[in-house]
Structure formats: structure tokens, C-alpha cells
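Raw protein-v8.cif, mmCIF, C-alpha atoms:
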```cif
data_coords
loop_
_atom_site.label_atom_id
_atom_site.label_comp_id
_atom_site.auth_asym_id
_atom_site.auth_seq_id
_atom_site.Cartn_x
_atom_site.Cartn_y
_atom_site.Cartn_z
CA MET A 103 166.30 174.26 154.43
CA ASN A 104 168.38 173.78 151.28
CA ASN A 105 166.85 171.87 148.43
CA PRO A 106 168.70 168.48 148.23
CA PHE A 107 169.23 168.77 144.48
CA ASP A 108 170.52 172.34 144.66
CA GLU A 109 172.90 171.41 147.47
CA ALA A 110 174.15 168.32 145.59
CA ALA A 111 174.68 170.41 142.44
CA ARG A 112 176.74 172.93 144.39
CA LEU A 113 178.85 170.24 146.03
CA LEU A 114 179.44 168.30 142.80
CA ALA A 115 180.57 171.50 141.09
CA ASP A 116 183.04 171.99 143.92
CA VAL A 117 184.30 168.43 143.47
CA GLY A 118 184.81 169.18 139.79
CA ARG A 119 187.00 172.18 140.57
CA ARG A 120 189.05 170.23 143.11
CA CYS A 121 189.65 167.30 140.77
CA ASP A 122 190.40 169.57 137.82
CA ALA A 123 192.98 171.43 139.89
CA ARG A 124 194.74 168.10 140.52
CA GLY A 125 194.74 167.19 136.82
CA TRP A 126 192.45 164.21 137.39
CA VAL A 127 189.66 165.20 134.94
CA LEU A 128 191.27 166.86 131.94
CA GLY A 129 189.10 167.95 129.02
CA THR A 130 185.57 166.67 129.53
CA SER A 131 186.66 163.44 131.22
CA GLY A 132 185.27 162.10 134.48
CA ASN A 133 181.81 162.04 136.00
CA PHE A 134 180.41 162.50 139.50
CA SER A 135 177.16 161.62 141.23
CA ALA A 136 175.44 161.93 144.60
CA VAL A 137 172.34 160.14 145.87
CA LEU A 138 169.32 162.38 146.49
CA GLY A 139 166.90 159.71 147.68
CA ARG A 140 166.48 155.94 147.71
CA ALA A 141 162.72 155.30 147.66
CA PRO A 142 162.45 155.93 144.79
CA LEU A 143 166.12 156.08 143.85
CA ARG A 144 167.17 159.50 142.59
CA ILE A 145 170.71 160.54 141.73
CA ALA A 146 172.29 163.89 140.86
CA ILE A 147 174.91 163.34 138.15
CA THR A 148 177.08 165.41 135.85
CA ARG A 149 175.85 166.09 132.35
CA SER A 150 177.76 164.55 129.44
CA GLY A 151 180.35 166.68 127.64
CA THR A 152 181.07 169.12 130.48
CA HIS A 153 184.46 170.35 131.64
CA LYS A 154 184.52 169.41 135.31
CA GLY A 155 186.51 172.47 136.31
CA ASP A 156 183.74 174.73 134.96
CA LEU A 157 180.67 172.95 136.33
CA THR A 158 177.56 174.97 137.20
CA ALA A 159 174.17 173.90 138.52
CA ALA A 160 172.94 173.66 134.92
CA ASP A 161 175.48 170.88 134.33
CA ILE A 162 173.96 168.63 136.99
CA LEU A 163 170.99 166.40 136.16
CA GLU A 164 168.67 164.33 138.31
CA ILE A 165 168.07 160.78 137.08
CA ALA A 166 165.88 157.89 138.16
CA ASP A 167 167.01 154.30 138.64
CA GLU A 168 166.79 153.52 134.92
CA GLY A 169 168.96 156.48 133.99
CA ILE A 170 165.99 158.58 132.85
CA VAL A 171 166.42 162.34 133.35
CA VAL A 172 163.75 163.74 135.67
CA ARG A 173 165.31 167.18 136.20
CA GLY A 174 167.59 169.32 134.09
CA THR A 175 168.40 169.62 130.41
CA GLY A 176 170.86 167.45 128.54
CA VAL A 177 172.15 163.91 128.54
CA PRO A 178 173.64 162.28 131.64
CA SER A 179 177.11 160.81 131.53
CA ALA A 180 177.28 157.75 129.28
CA GLU A 181 178.50 155.85 132.34
CA ALA A 182 175.47 156.65 134.50
CA ARG A 183 174.65 152.92 134.50
CA LEU A 184 177.91 152.22 136.35
CA HIS A 185 177.07 154.82 138.98
CA LEU A 186 173.69 153.19 139.52
CA GLU A 187 175.27 149.73 139.83
CA ILE A 188 177.76 150.98 142.43
CA VAL A 189 175.10 152.83 144.43
CA CYS A 190 172.94 149.71 144.59
CA ALA A 191 175.77 147.25 145.29
CA ARG A 192 177.54 149.34 147.95
CA ASN A 193 174.66 151.44 149.28
CA ALA A 194 176.92 154.33 148.32
CA GLY A 195 175.92 157.95 148.80
CA ALA A 196 178.22 159.20 146.04
CA VAL A 197 180.37 157.89 143.18
CA LEU A 198 183.38 159.67 141.65
CA HIS A 199 185.13 158.76 138.40
CA THR A 200 188.49 160.30 137.49
CA HIS A 201 190.87 159.96 134.52
CA SER A 202 194.25 160.72 136.06
CA VAL A 203 197.50 159.82 134.34
CA TRP A 204 198.51 157.41 137.11
CA SER A 205 195.22 155.55 137.37
CA THR A 206 195.15 155.17 133.58
CA PHE A 207 198.78 154.05 133.49
CA LEU A 208 198.37 151.40 136.20
CA SER A 209 195.07 150.20 134.78
CA ASP A 210 197.01 149.13 131.69
CA ARG A 211 200.24 147.93 133.29
CA CYS A 212 198.44 145.81 135.90
CA ALA A 213 195.58 144.51 133.78
CA ASP A 214 197.20 141.10 133.27
CA ARG A 215 197.47 140.73 137.06
CA GLY A 216 193.76 141.46 137.42
CA GLY A 217 194.35 144.46 139.63
CA VAL A 218 196.67 146.52 141.78
CA ALA A 219 197.69 145.40 145.28
CA ILE A 220 198.60 148.18 147.72
CA GLU A 221 199.88 147.57 151.24
CA GLY A 222 202.10 149.12 153.86
CA TYR A 223 201.16 152.76 153.20
CA GLU A 224 199.94 154.92 156.08
CA MET A 225 197.47 156.61 153.71
CA LEU A 226 195.51 153.36 153.49
CA LYS A 227 194.02 154.33 156.84
CA GLY A 228 192.07 157.04 155.03
CA LEU A 229 189.86 154.36 153.49
CA SER A 230 186.64 153.59 155.37
CA GLY A 231 187.05 150.67 157.75
CA VAL A 232 190.85 150.45 157.41
CA LEU A 233 192.62 150.79 160.76
CA THR A 234 196.24 149.92 159.99
CA HIS A 235 198.89 150.56 157.36
CA GLU A 236 199.37 146.77 157.24
CA HIS A 237 196.07 146.49 155.36
CA ARG A 238 196.26 145.07 151.84
CA GLU A 239 193.94 146.87 149.44
CA TRP A 240 193.08 145.17 146.16
CA ILE A 241 191.94 147.47 143.33
CA PRO A 242 190.58 145.29 140.51
CA VAL A 243 191.06 146.18 136.84
CA LEU A 244 188.24 145.62 134.36
CA ASP A 245 188.45 145.78 130.58
CA ASN A 246 186.78 148.88 129.22
CA ASP A 247 183.61 148.44 127.15
CA GLN A 248 181.46 150.96 125.27
CA ASN A 249 178.38 148.77 125.85
CA MET A 250 177.25 150.17 129.20
CA ALA A 251 174.58 147.53 129.81
CA ARG A 252 177.17 144.79 129.43
CA LEU A 253 179.81 146.66 131.42
CA GLY A 254 177.28 147.37 134.14
CA GLY A 255 176.75 143.63 134.53
CA VAL A 256 180.49 143.08 134.82
CA VAL A 257 180.72 145.79 137.48
CA ARG A 258 177.86 144.19 139.40
CA GLU A 259 179.66 140.83 139.40
CA LEU A 260 182.94 142.45 140.40
CA LEU A 261 181.44 144.24 143.39
CA ALA A 262 179.77 141.02 144.54
CA GLY A 263 183.07 139.15 144.23
CA TRP A 264 185.17 141.80 146.01
CA PRO A 265 182.91 143.10 148.80
CA ASP A 266 185.74 144.89 150.62
CA CYS A 267 187.30 146.83 147.75
CA HIS A 268 187.01 150.62 147.83
CA ALA A 269 187.62 151.23 144.12
CA PHE A 270 188.20 149.67 140.72
CA LEU A 271 189.95 150.66 137.51
CA LEU A 272 188.79 150.46 133.91
CA ARG A 273 191.68 149.57 131.63
CA ARG A 274 193.22 152.58 129.87
CA HIS A 275 190.31 154.59 131.22
CA GLY A 276 190.49 155.54 134.88
CA LEU A 277 189.32 155.16 138.46
CA TYR A 278 185.93 154.60 140.08
CA THR A 279 185.54 155.03 143.81
CA TRP A 280 182.64 155.79 146.15
CA GLY A 281 181.64 156.47 149.73
CA ALA A 282 178.72 156.41 152.14
CA THR A 283 178.55 160.20 151.73
CA LEU A 284 179.94 162.62 149.17
CA GLN A 285 182.61 163.68 151.68
CA ASP A 286 183.63 160.03 152.08
CA ALA A 287 183.86 159.65 148.32
CA ILE A 288 186.01 162.79 148.04
CA ARG A 289 188.34 161.42 150.71
CA HIS A 290 188.54 158.09 148.91
CA VAL A 291 189.37 159.60 145.53
CA GLU A 292 192.15 161.67 147.09
CA ILE A 293 193.54 158.69 149.02
CA VAL A 294 193.35 156.24 146.12
CA GLU A 295 194.84 158.67 143.61
CA PHE A 296 197.72 159.31 146.03
CA LEU A 297 198.29 155.57 146.51
CA LEU A 298 198.16 154.80 142.79
CA GLU A 299 200.70 157.50 142.03
CA SER A 300 202.96 156.31 144.86
CA VAL A 301 202.84 152.69 143.68
CA ALA A 302 203.40 153.63 140.04
CA ARG A 303 206.34 155.87 140.80
CA ALA A 304 207.91 153.28 143.12
CA GLU A 305 207.47 150.36 140.72
CA TYR A 306 208.17 152.00 137.38
CA SER A 307 210.43 154.97 138.05
CA GLY A 308 213.63 152.96 137.67
CA GLN A 309 215.05 154.40 140.90
CA PRO A 310 217.11 152.19 143.28
CA LYS A 311 215.08 150.24 145.81
CA SER A 312 215.51 151.17 149.45
CA GLU A 313 217.79 148.21 150.15
CA GLU A 314 220.17 149.15 147.32
CA VAL A 315 223.17 151.31 148.18
CA ALA A 316 223.37 154.58 146.32
CA PRO A 317 226.61 154.78 144.26
CA TRP A 318 227.97 157.78 146.20
CA ARG A 319 227.75 155.75 149.42
CA SER A 320 229.53 152.63 148.17
#
```

Write out the structure in this file as C-alpha cells.
Amino acid sequence: MNNPFDEAARLLADVGRRCDARGWVLGTSGNFSAVLGRAPLRIAITRSGTHKGDLTAADILEIADEGIVVRGTGVPSAEARLHLEIVCARNAGAVLHTHSVWSTFLSDRCADRGGVAIEGYEMLKGLSGVLTHEHREWIPVLDNDQNMARLGGVVRELLAGWPDCHAFLLRRHGLYTWGATLQDAIRHVEIVEFLLESVARAEYSGQPKSEEVAPWRS
């Protein structure tokens, strides 16, 4: 039987390569985690300062519920507190944080609205519990904060206030999403990144709307 930590480290490294290939975690941005156990809570999480496309098992740490490293060498992601808050609030099995261009762009452009509303897209059905493209998904935007204890409290309040959301954005920072399993979280990050790019291109590309007649057809 595979050791749970070793298996999580292998899978998180694979996630890093997949997200890097999409341009969602350039440089050393982004962080990923997977739950190893809940009693007591143990989480495998990426080490700070690592390029996610080059992750190895040595770049994955095991932390306890207070963010203390119990396995591995190095410092966990500075945002480990947010992962812990999401795991506890959503009973998530994994949390993925990306820094794509489109998530960062919309997190700024839609901050004054409080979030990004997405509806009518078939890809919404890739989100857990969503059965129709007529679903309206609300992705809240939070102001970024370097004080992780304070930001963790804001995230906790947000998740309590929006129990059905599948993700949130940090302003000028990026996307957080999660899932009951790591595979669910991977699916969610792919779906949400696709939806964010689709909405951003549709709203800000300057192209004619579908009801407008193209000039060569007038």
C-alpha cells in the first residue's frame, strides 16, 4: 500500500506540471495542498519558493492544523493558513491556488462589484453539484492582505456567507478553489480558469456582441 504522504507528494507534483503548462503558476507563484488525515488534521502542501513546474517530493511538506511542519524540510507556503481555513470550512480534500493572467485581471476589474457572476456556460456543469448551464455561479473577490491571520479570518467569514461558492479570488492575486478530493479540485481549477477567461474575453475584448451585425453583413 502506498504511503499517503508519498502518494500526495507525487500527485501534487503532477498538478504543478499541469498548471505550469497552462501558464497558471508562473515563476514561484501558486500553492497546492491535499488532506492526509483529519483526526488529527494533517495536510501535504507545497514548500514556499518553489517553481510549480519543477516540483519533486522534497518540495512537499506535511503540516499540522496550526501550520507547523511535521515532515519535510523548509517553510510551507505563506498562505498555508488559507488552505487550512478552506479545508475546515468546506471539508475539502484538496485546495489549489493559481495566479493566471485572467483570474488576476478579473479579480481587479470586478473587485468593486464584490465578485464575478458567471451563468449560461455549459462548462458550469463541471462544478460539483451543478446540473445545468442555467446555474449562476458567484465567485467573490477579497482584498489581498499580507497578514495571513487577518486574511484567514476574512476567508472564514466569506465561506460561511457563501456556502455554495466553488472558488474565490484575491484582488490582483489569483484564484482559490477546492474539492472533496484532489481530482475534484483539479477539475474545478480547470473549469473555473476556463470560465474566467471566457468571461474576461467576452466582456473586455471589445468585439461585437452576438446581437450586433458584423459590418460585412450589413

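Candidate residues A:Glu295, A:Glu259, A:Glu236, A:Glu221 were compared for distance to Gly276 in chain A, and the nearest is A:Glu295, using only C-alpha atoms.
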
Next item on the list: Please provide as a list in words all residues within 8 Å of range 115-117 of chain A, with the sequence filter that same-chain residues fewer than 5 positions apart are discarded (counting all atoms listed in the file).
Entry: Lys154, Gly155, Asp156, Leu157, Thr158, Ala159 and Ile288 of chain A

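One distance worth recording is that between CA of Gln285 in chain A and CA of Arg183 in chain A, which is 21.8 Å.
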
Next item on the list: Could you state which residues are captured by the PyMOL selection byres ((chain A and resi 119-133) around 9) in this file, as a PyMOL selection string?
Entry: chain A and resi 114-118+134-135+147-157+179+181-182+197-203+276-277+292+295

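The interatomic distance for the pair CA of Phe296 in chain A and CA of Trp204 in chain A works out to 9.2 Å.
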
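Within 7 Å of the point (191.7, 156.6, 143.2), counting all atoms listed in the file, the protein and nucleic acid residues come to Ser205, Ala269, Leu277, Tyr278, Thr279, His290, Val291, Glu292, Ile293, Val294, Glu295 and Leu298 of chain A.
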
C-alpha atoms of the current selection, written as a CSV table (one decimal), in the frame of the given file:
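Generated file (selection.csv):
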```
chain,number,residue,atom,x,y,z
A,205,SER,CA,195.2,155.6,137.4
A,269,ALA,CA,187.6,151.2,144.1
A,277,LEU,CA,189.3,155.2,138.5
A,278,TYR,CA,185.9,154.6,140.1
A,279,THR,CA,185.5,155.0,143.8
A,290,HIS,CA,188.5,158.1,148.9
A,291,VAL,CA,189.4,159.6,145.5
A,292,GLU,CA,192.2,161.7,147.1
A,293,ILE,CA,193.5,158.7,149.0
A,294,VAL,CA,193.4,156.2,146.1
A,295,GLU,CA,194.8,158.7,143.6
A,298,LEU,CA,198.2,154.8,142.8
```

Next item on the list: Decode the PyMOL selection byres ((chain A and resi 235) around 12) for the given file into explicit residues and return them as a PyMOL selection string.
Entry: chain A and resi 220-229+231-234+236-239+297

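Among the candidates A:Pro265, A:Tyr306, A:Arg273, A:Glu299, the one nearest to Ala191 in chain A when counting all atoms listed in the file is A:Pro265.
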
Next item on the list: List, as a ChimeraX atom specification, every residue that the PyMOL selection byres ((chain A and resi 258) around 12) selects in the file provided.
Entry: /A:183-192,244,250-257,259-265,270

Notebook entry, point to check: So which residues are close to (184.9, 150.4, 133.5), meaning at most 7 Å away in the file's coordinates with only C-alpha atoms counted, and can you show them as a VMD selection string?
Noted result: chain A and resid 244 to 247 253 271 to 272

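Each of A:Ala111, A:Leu208, A:Ile170, A:Ala219 was checked against Leu138 in chain A using only C-alpha atoms; the smallest atom-to-atom distance is that of A:Ala111.
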
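Coordinates place CA of Gly139 in chain A at a distance of 17.3 Å from CA of Asp286 in chain A.
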
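Nearest to Ala146 in chain A of all the residues A:Glu305, A:Glu109, A:Ser300, A:Val243 is A:Glu109, based on all atoms listed in the file.
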
Adding 3 Å on each side of the box along x, y and z that holds all listed atoms of range 145-164 of chain A, could you give its centre and edge lengths in Å to one decimal, as AutoDock Vina command-line options?
```
--center_x 177.6 --center_y 167.8 --center_z 134.7 --size_x 23.8 --size_y 20.4 --size_z 20.1
```

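The smallest atom-to-atom distance between Ala194 in chain A and any of A:Leu284, A:Cys212, A:Leu163, A:Ala304, using only C-alpha atoms, is found for A:Leu284.
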
Check: Ile145 in chain A: which residues within 6 Å, counting all atoms listed in the file, same-chain residues fewer than 3 positions away excluded, as a list in words?
Finding: Ala136, Val137, Leu138, Glu164 and Ile165 of chain A
